[in-house]
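In what follows, a structure is listed as structure tokens, so that the remarks can point back to it.
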Number of protein chains: 2
Amino acid sequence: MKIVIVGGVAGGASAAARARRLSEEAQIVLFERGPDVSFANCGLPYYIGGEIVERGKLLVTTPERLRTRFKLDVRTRTVIEAIDRTAKTVRARDLATGRQYQETYDKLILAPGAAPLRPPIPGIDLPGVFTLRNLQDVDRIRGRIDEGVKRAVIVGAGFIGLELAEGLVRRGVATTLVELQGQVLPPFDEEMTTPLEEHLAAKGVTLLLGESAEGFEVSPDGLDVRLKSGRRLSAQLVILGVGVRPENKLAVESGLDVGPRGGIRVNEHLQTGDPDIYAVGDAIEVIDLVTGDPTQVPLAGPANRQGRIAADHIFGRPSRYRGTQGTAIVRVFDKTAAMTGASEKTLRRARRAYRKVYIHPAHHAGYYPGAEPMSIKLLFDPETGRVLGSQIVGGAGVDKRIDVLAIAIAAEMTVYDLEEMELAYSPQYGSAKDPINMAGFVAAGLLRGDHPQIDVETLLDGPTDQQPFILDVRTPEEFAQGHIQGAVNIPVDELRDRLAEVPPNQDLAVYCQVGQRGYLATRILLQNGFRAVNVGGGYKTYQLFRPVTAAPGRPSSG
Amino acid sequence: MKIVIVGGVAGGASAAARARRLSEEAQIVLFERGPDVSFANCGLPYYIGGEIVERGKLLVTTPERLRTRFKLDVRTRTVIEAIDRTAKTVRARDLATGRQYQETYDKLILAPGAAPLRPPIPGIDLPGVFTLRNLQDVDRIRGRIDEGVKRAVIVGAGFIGLELAEGLVRRGVATTLVELQGQVLPPFDEEMTTPLEEHLAAKGVTLLLGESAEGFEVSPDGLDVRLKSGRRLSAQLVILGVGVRPENKLAVESGLDVGPRGGIRVNEHLQTGDPDIYAVGDAIEVIDLVTGDPTQVPLAGPANRQGRIAADHIFGRPSRYRGTQGTAIVRVFDKTAAMTGASEKTLRRARRAYRKVYIHPAHHAGYYPGAEPMSIKLLFDPETGRVLGSQIVGGAGVDKRIDVLAIAIAAEMTVYDLEEMELAYSPQYGSAKDPINMAGFVAAGLLRGDHPQIDVETLLDGPTDQQPFILDVRTPEEFAQGHIQGAVNIPVDELRDRLAEVPPNQDLAVYCQVGQRGYLATRILLQNGFRAVNVGGGYKTYQLFRPVTAAPGRPSSG
């Protein structure tokens with residue numbers, strides 16, 4: 001058996017190591033265009049920011065190590081230029097010598113990754129305009145910073161854009177983030193990014209949302225970035241993080257099928273249309289586990305597992321890839337944002353029915369010092385209660401809850417299951433009613449009809465003549481610090497005695513700070529014959545939709 | 001509907017609040033023997049240790065708050081002395097006035113909790129010998145410490161014993177932990193407690209394992225603790241943490257059924273044999289979710305959920321309690337120990353077939369600074385691969401992995417599922433191959449036969465004449481720092497060239513530091529016709545069974 005692998009980073013290196021474990025006899029040739037194999041892709045921004053000090057730490061393994069330990073034929077700085085599927089050969093070119101040669105294969109694994117997009121705008125190729133993919137890019141960007149950059153512009157506020165912004169701020173560079181969409185982290189639902197935008201602004205990052213770069217020009221001070229709005233920014237460093245494009249050229253030229261977004265199409269065993277050619281990693285189209293639709297999810301975890309599965313299948317094992325649920329996490333200075341499963345916008349696009357709840361718990365028992373707040377959005381099926389997706393933004397403990405929900409989604413659990421989950425409780429780590437249980441209680445209460453809720457958007461965007469009577473059941477002090485316009489304040493602890501003040505024949509929308517007192521008030525009102533609903537997630541959710549201070553450059557939505 | 005609840009801490013308070021949400025009309029009477037309701041039981045050791053500074057923080061709610069917010073009839077300092085099931089009344093006694101009276105009920109919920117055991121040994125009632133259950137105990141213990149305690153003895157090294165030891169050390173008290181069993185944290189398997197015992201010793205706690213207190217005597221210096229071994233300890237403070245006993249007196253006297261360990265027997269709706277009497281919390285017998293056997297698990301999380309379920313069922317809902325899986329966690333100074341599902345000793349006792357693996361991963365990517373090690377033990381069904389239990393000891397990230405595995409157990413997932421789990425990866429939070437995936441890979445490899453393993457115990461305790469040839473595949477430097485007796489060192493990277501040095505017709509046991517290189521070496525050997533198995537979890541697992549330095553007082557097992 002001779003296996004040829006194109007691409008030696010996450011998926012390719014995993015496939016090679018797995019293949020060797022399965023067979024000492026196989027001949028395994030690993031081609032990599034760059035000089036490095038298996039480097040720590042996700043660590044690059046932290047080396048730029050100086051948190052990772054040693055460059056060598058980014059090299060998870062080396063070509064030499066792969067040769068010695070795994071008996072691999074590793075050929076770096078070599079590109080594969082063509083595949084002859086009939087002859088089962090690839091044409092390789094050694095970048096150092098220019099030498100071209102054929103290599104035969106029994107099985108071929110394509111793991112070429114995805115390349116950063118470089119949109120065709122004027123000046124995109126000027127020195128000083130970078131993208132970030134590998135250690136050579138990192139060396140160039142660090143070199144620039146070490147020369148003394150004062151101001152930088154990052155185009156694109158996705159995961160990598162935010163990580164770079166933090167790194168640059170750490171290095172003392174005044175940083176502006178330009179993002180086409182009206183929010184940072186476009187895979188998230190917009191309201192969940194509000195705390196991140198406020199936090200970025202507080203940390204000194206200038207955010208320009210709903211804005212884009214239309215050109216770069218050399219200026220006496222470095223570069224001028226021309227924006228769609230007409231505004232110009234001056235910088236000595238520009239990094240583009242506007243997305244990636246699957247490296248599908250080889251596949252397309254070989255007649256292999258690609259999806260509408262360019263991902264190489266594979267079956268559940270990760271075989272392309274040609275059963276002797278597998279494809280893994282950022283270059284492939286995967287099935288979204290929740291919606292069942294094809295999608296493109298460039299993530300290191302799935303790439304590694306796909307490499308393993310392809311190698312397994314080559315050696316006759318029935319391994320299959322189950323699909324991707326898009327579990328992702330990013331640290332944004334002192335906060336963490338994470339998601340798993342479908343977002344609300346994905347569900348809308350897929351025309352899939354859903355309900356949602358928001359909760360704002362502390363990450364551990366409030367009586368123990370150091371509890372940090374988080375906001376959890378949970379999306380679930382309105383009929384079965386099956387968990388469809390979640391997004392969490394907060395401090396400590398966000399990563400734990402998203403992983404727990406990732407498993408719940410993979411296990412096709414429902415919100416009723418979340419109510420019952422027995423999680424580890426000691427006051428440093430959680431609560432007797434963990435945030436996961438609380439999300440289950442609120443969601444299940446909604447589905448059972450115990451806890452009728454109204455979404456903040458519905459409340460705010462509904463027709464004015466049908467506006468409900470808005471009842472704020474917090475304390476007068478909380479009310480005085482800010483409330484929903486038009487709300488009347490009756491604290492929950494006085495509600496039973498002041499029911500006469502509540503209009504009997506009108507729809508009531510009740511809210512408190514996070515939803516709990518509002519829930520009790522709703523129960524009191526319902527059982528006294530009123531028509532009440534609770535504003536899901538309370539005033540804190542309202543603030544996600546109506547930021548108190550709009551982030552700079554963000555069009556105020558209130 | 002008139003509901004009477006006996007006990008106002010975790011389960012009782014939850015039941016009361018839930019009942020009120022379900023019915024504004026119900027009359028709800030909450031009896032509590034002590035002066036406080038719903039206090040933070042799990043926070044008591046941290047108030048003693050001074051981490052929680054304000055006593056008021058321990059009061060999750062107050063009788064006044066419950067009266068106002070939930071319209072509850074709260075009667076503290078009142079004991080229920082008898083139940084008349086025919087008349088459906090309870091006899092109450094007001095501890096302040098001594099007044100006795102009858103109270104009728106439609107539904108009765110027993111939530112009396114469990115009382116700390118006070119074994120009948122001489123001197124147990126001397127001043128200076130304490131147990132810890134409520135705020136009054138805490139006040140007494142703190143008072144004693146504030147008077148200037150130099151030395152303390154804690155009898156029992158379970159969860160509360162360890163938490164108290166840490167608190168006392170924080171307060172500058174020289175602390176000795178006396179434990180009857182040969183390990184701390186008896187619910188854990190012994191080898192998993194080795195790192196904790198070493199850590200406790202490093203933090204200055206004197207551990208006396210396999211030892212017990214046989215008497216307490218007044219001495220000029222405070223108290224003398226007489227031990228089974230004949231040794232005597234001098235202390236000014238003794239705290240007993242040797243377990244709890246369900247408060248079942250009322251239930252037993254009312255003719256309700258209790259289990260062999262004293263827990264009140266209930267059905268899945270938490271009804272006792274009398275359908276009008278429910279019981280919840282630490283006083284009841286529950287079903288072990290994994291083994292299906294009745295057991296006793298005093299935990300705050302289950303108690304809270306049980307309270308909710310009892311209230312639901314009273315109001316005609318089909319809520320049922322699924323059973324308890326014993327998810328628990330404890331911080332031990334800078335380490336964390338956590339478990340979920342069945343331990344190996346529980347599985348043995350239940351005569352249930354199982355397999356196990358150990359892994360020793362870092363809590364996040366090694367290339368990012370601050371990765372902390374952990375040891376994971378995973379127990380699973382040998383046929384189906386279903387996850388049966390796990391124990392994890394380490395630093396950061398232990399709580400996350402135990403919660404993920406708790407969900408996996410609840411979802412009846414297998415080790416094959418763990419291989420595929422898509423968890424959140426960014427280098428601050430995890431790895432592209434998360435510890436959970438790694439545990440799945442190793443366990444699934446074992447079940448598939450790709451990765452034959454031998455347990456450390458089997459290797460060490462097997463008959464001497466059938467001892468395998470032990471091959472250490474680490475580097476010579478690692479070998480020199482300590483190895484399994486009799487092992488021969490051939491580094492994995494040289495193994496393919498030195499196969500001639502390996503005996504061809506003998507069983508081989510291969511090991512490295514954590515199992516990964518040993519796995520590759522095993523694969524190389526197997527494919528070259530040798531009879532090789534990998535020592536599961538490598539030298540690190542060996543060290544769990546054969547501590548380098550036995551903790552003081554622990555009989556050396558090597």
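All residue names refer to the structure tokens as shown: chains lettered A, B, ... in order, residues numbered from 1 in each chain, ligands numbered from 1 in order.
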
Long-range neighbours of Val387 in chain B as a list in words, 6 Å cut-off, only C-alpha atoms, 6 positions minimum in chain: Phe380, Ile409 and Thr414 of chain B

With chain B as the partner and 6 Å as the cut-off, tabulate the residues of chain A that qualify, each row holding the nearest pair of atoms and their distance in Å to one decimal, using only C-alpha atoms, sorted by chain and rising number, as a Markdown table.
| residue | atom | partner | partner_atom | distance |
| --- | --- | --- | --- | --- |
| A:Arg21 | CA | B:Arg523 | CA | 5.9 |
| A:Lys57 | CA | B:Tyr367 | CA | 5.1 |
| A:Thr68 | CA | B:Asp493 | CA | 5.9 |
| A:Arg69 | CA | B:Asp493 | CA | 5.1 |
| A:Ala300 | CA | B:Ala432 | CA | 5.7 |
| A:Gly301 | CA | B:Ala432 | CA | 4.3 |
| A:Thr327 | CA | B:Ala424 | CA | 5.3 |
| A:Ala328 | CA | B:Ala424 | CA | 5.0 |
| A:Ile329 | CA | B:Ala424 | CA | 5.5 |
| A:Tyr367 | CA | B:Lys57 | CA | 5.1 |
| A:Lys400 | CA | B:Lys400 | CA | 4.8 |
| A:Asp403 | CA | B:Leu423 | CA | 5.4 |
| A:Val404 | CA | B:Val404 | CA | 5.1 |
| A:Leu423 | CA | B:Asp403 | CA | 5.4 |
| A:Ala424 | CA | B:Ala328 | CA | 4.9 |
| A:Ala432 | CA | B:Gly301 | CA | 4.3 |
| A:Asp493 | CA | B:Arg69 | CA | 5.0 |
| A:Arg523 | CA | B:Arg21 | CA | 5.9 |

So which residues touch range 122-136 of chain A within 10 Å, counting only C-alpha atoms, skipping near sequence neighbours fewer than 6 positions away, as a PyMOL selection string? chain A and resi 9+34-36+39-42+44-45+47+55+58-59+113-116+142+144+152-155+160-161+164+213-218+222-226+235-242+244

DSSP on the backbone, then: every residue of range 112-275 of chain B marked strand (DSSP E or B), written as a PyMOL selection string. chain B and resi 114-116+129-131+151-155+174-179+206-209+213-219+222-227+232-235+237-240+244-246+258+264+271

Spatial neighbours of Arg75 in chain A, max dist 7 Å, only C-alpha atoms, sep filter under 5 positions, as a compact mmCIF listing (two decimals) with all heavy atoms, in the first residue's frame:
# COMPACT_ATOMS: atom_id res chain seq x y z
N LEU A 30 4.48 12.17 2.37
CA LEU A 30 3.76 13.38 2.82
C LEU A 30 4.36 14.60 2.12
O LEU A 30 5.51 14.96 2.37
CB LEU A 30 3.90 13.50 4.34
CG LEU A 30 3.17 14.64 5.03
CD1 LEU A 30 1.66 14.47 4.92
CD2 LEU A 30 3.56 14.71 6.51
N PHE A 31 3.58 15.21 1.27
CA PHE A 31 4.03 16.42 0.58
C PHE A 31 3.53 17.67 1.30
O PHE A 31 2.35 17.75 1.66
CB PHE A 31 3.49 16.46 -0.86
CG PHE A 31 4.14 15.47 -1.78
CD1 PHE A 31 3.47 14.30 -2.16
CD2 PHE A 31 5.41 15.70 -2.29
CE1 PHE A 31 4.06 13.39 -3.02
CE2 PHE A 31 6.01 14.79 -3.15
CZ PHE A 31 5.34 13.64 -3.52
N GLU A 32 4.41 18.64 1.46
CA GLU A 32 3.99 19.91 2.06
C GLU A 32 4.65 21.05 1.28
O GLU A 32 5.87 21.04 1.08
CB GLU A 32 4.37 19.95 3.55
CG GLU A 32 4.29 21.30 4.23
CD GLU A 32 2.92 21.97 4.16
OE1 GLU A 32 1.89 21.28 4.30
OE2 GLU A 32 2.90 23.21 3.94

CA of Arg99 in chain A to CA of Val79 in chain A: how many Å, to one decimal? 10.7 Å

As a PyMOL selection string, please: the residues near Ile264 in chain B (cut-off 10 Å, only C-alpha atoms, same-chain neighbours under 3 positions excluded). chain B and resi 110+246-249+251-252+256-261+270-273+278-286+296

Write a file of the selected residues as a compact mmCIF listing (two decimals), in the first residue's frame, keeping C-alpha atoms.
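again20.txt written:
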# COMPACT_ATOMS: atom_id res chain seq x y z
CA LEU B 110 -39.73 15.09 54.12
CA PRO B 246 -29.95 9.88 56.90
CA GLU B 247 -32.33 11.58 59.31
CA ASN B 248 -34.88 8.80 59.03
CA LYS B 249 -36.31 8.68 62.56
CA ALA B 251 -39.99 8.15 58.59
CA VAL B 252 -39.19 4.94 60.46
CA LEU B 256 -42.21 4.19 56.11
CA ASP B 257 -39.69 1.92 54.49
CA VAL B 258 -35.96 2.59 54.69
CA GLY B 259 -33.09 0.84 52.93
CA PRO B 260 -30.21 -1.09 54.51
CA ARG B 261 -28.12 2.08 54.81
CA LEU B 270 -40.06 10.57 45.15
CA GLN B 271 -43.14 9.25 46.96
CA THR B 272 -42.57 7.05 49.97
CA GLY B 273 -44.78 4.00 50.51
CA TYR B 278 -42.68 12.49 49.57
CA ALA B 279 -39.04 12.45 50.61
CA VAL B 280 -36.09 14.24 49.01
CA GLY B 281 -32.44 15.06 49.56
CA ASP B 282 -29.76 13.45 51.68
CA ALA B 283 -32.29 11.42 53.66
CA ILE B 284 -33.42 9.22 50.79
CA GLU B 285 -32.16 6.15 49.02
CA VAL B 286 -31.60 6.73 45.30
CA GLN B 296 -27.05 6.82 49.25

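The interatomic distance for the pair CA of Lys345 in chain B and CA of Gly440 in chain B works out to 21.6 Å.
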
For the alpha helix (DSSP H) assignment from backbone DSSP, which residues of range 319-386 of chain B qualify? Please present them as a PyMOL selection string. chain B and resi 344-349

Could those selected residues go to a file with all heavy atoms, as a compact mmCIF listing (two decimals), in the first residue's frame?
# COMPACT_ATOMS: atom_id res chain seq x y z
N GLU B 344 -14.10 2.04 39.92
CA GLU B 344 -13.72 0.65 39.68
C GLU B 344 -14.16 -0.21 40.86
O GLU B 344 -14.66 -1.32 40.69
CB GLU B 344 -12.20 0.57 39.48
CG GLU B 344 -11.74 -0.81 39.07
CD GLU B 344 -10.27 -0.87 38.66
OE1 GLU B 344 -9.59 0.18 38.71
OE2 GLU B 344 -9.80 -1.97 38.30
N LYS B 345 -14.02 0.32 42.08
CA LYS B 345 -14.40 -0.52 43.22
C LYS B 345 -15.91 -0.77 43.24
O LYS B 345 -16.36 -1.86 43.61
CB LYS B 345 -13.85 0.03 44.55
CG LYS B 345 -14.23 1.40 44.95
CD LYS B 345 -13.61 1.77 46.32
CE LYS B 345 -12.57 2.86 46.21
NZ LYS B 345 -12.02 3.33 47.47
N THR B 346 -16.69 0.22 42.82
CA THR B 346 -18.14 0.01 42.74
C THR B 346 -18.47 -1.06 41.69
O THR B 346 -19.32 -1.93 41.93
CB THR B 346 -18.85 1.33 42.37
OG1 THR B 346 -18.61 2.27 43.41
CG2 THR B 346 -20.34 1.13 42.21
N LEU B 347 -17.81 -0.99 40.56
CA LEU B 347 -18.07 -1.97 39.50
C LEU B 347 -17.69 -3.38 39.95
O LEU B 347 -18.41 -4.35 39.67
CB LEU B 347 -17.31 -1.59 38.22
CG LEU B 347 -17.81 -0.30 37.56
CD1 LEU B 347 -16.85 0.13 36.44
CD2 LEU B 347 -19.22 -0.47 37.01
N ARG B 348 -16.59 -3.47 40.67
CA ARG B 348 -16.17 -4.77 41.19
C ARG B 348 -17.20 -5.31 42.17
O ARG B 348 -17.59 -6.47 42.13
CB ARG B 348 -14.84 -4.64 41.93
CG ARG B 348 -13.68 -4.75 41.00
CD ARG B 348 -12.47 -5.32 41.75
NE ARG B 348 -11.29 -4.94 41.00
CZ ARG B 348 -10.24 -4.32 41.50
NH1 ARG B 348 -10.18 -4.06 42.79
NH2 ARG B 348 -9.23 -4.00 40.73
N ARG B 349 -17.64 -4.40 43.07
CA ARG B 349 -18.61 -4.80 44.08
C ARG B 349 -19.91 -5.25 43.40
O ARG B 349 -20.55 -6.20 43.83
CB ARG B 349 -18.88 -3.61 45.01
CG ARG B 349 -19.31 -3.98 46.39
CD ARG B 349 -19.10 -2.83 47.38
NE ARG B 349 -19.40 -1.52 46.83
CZ ARG B 349 -18.64 -0.45 47.00
NH1 ARG B 349 -17.55 -0.49 47.72
NH2 ARG B 349 -18.99 0.71 46.46
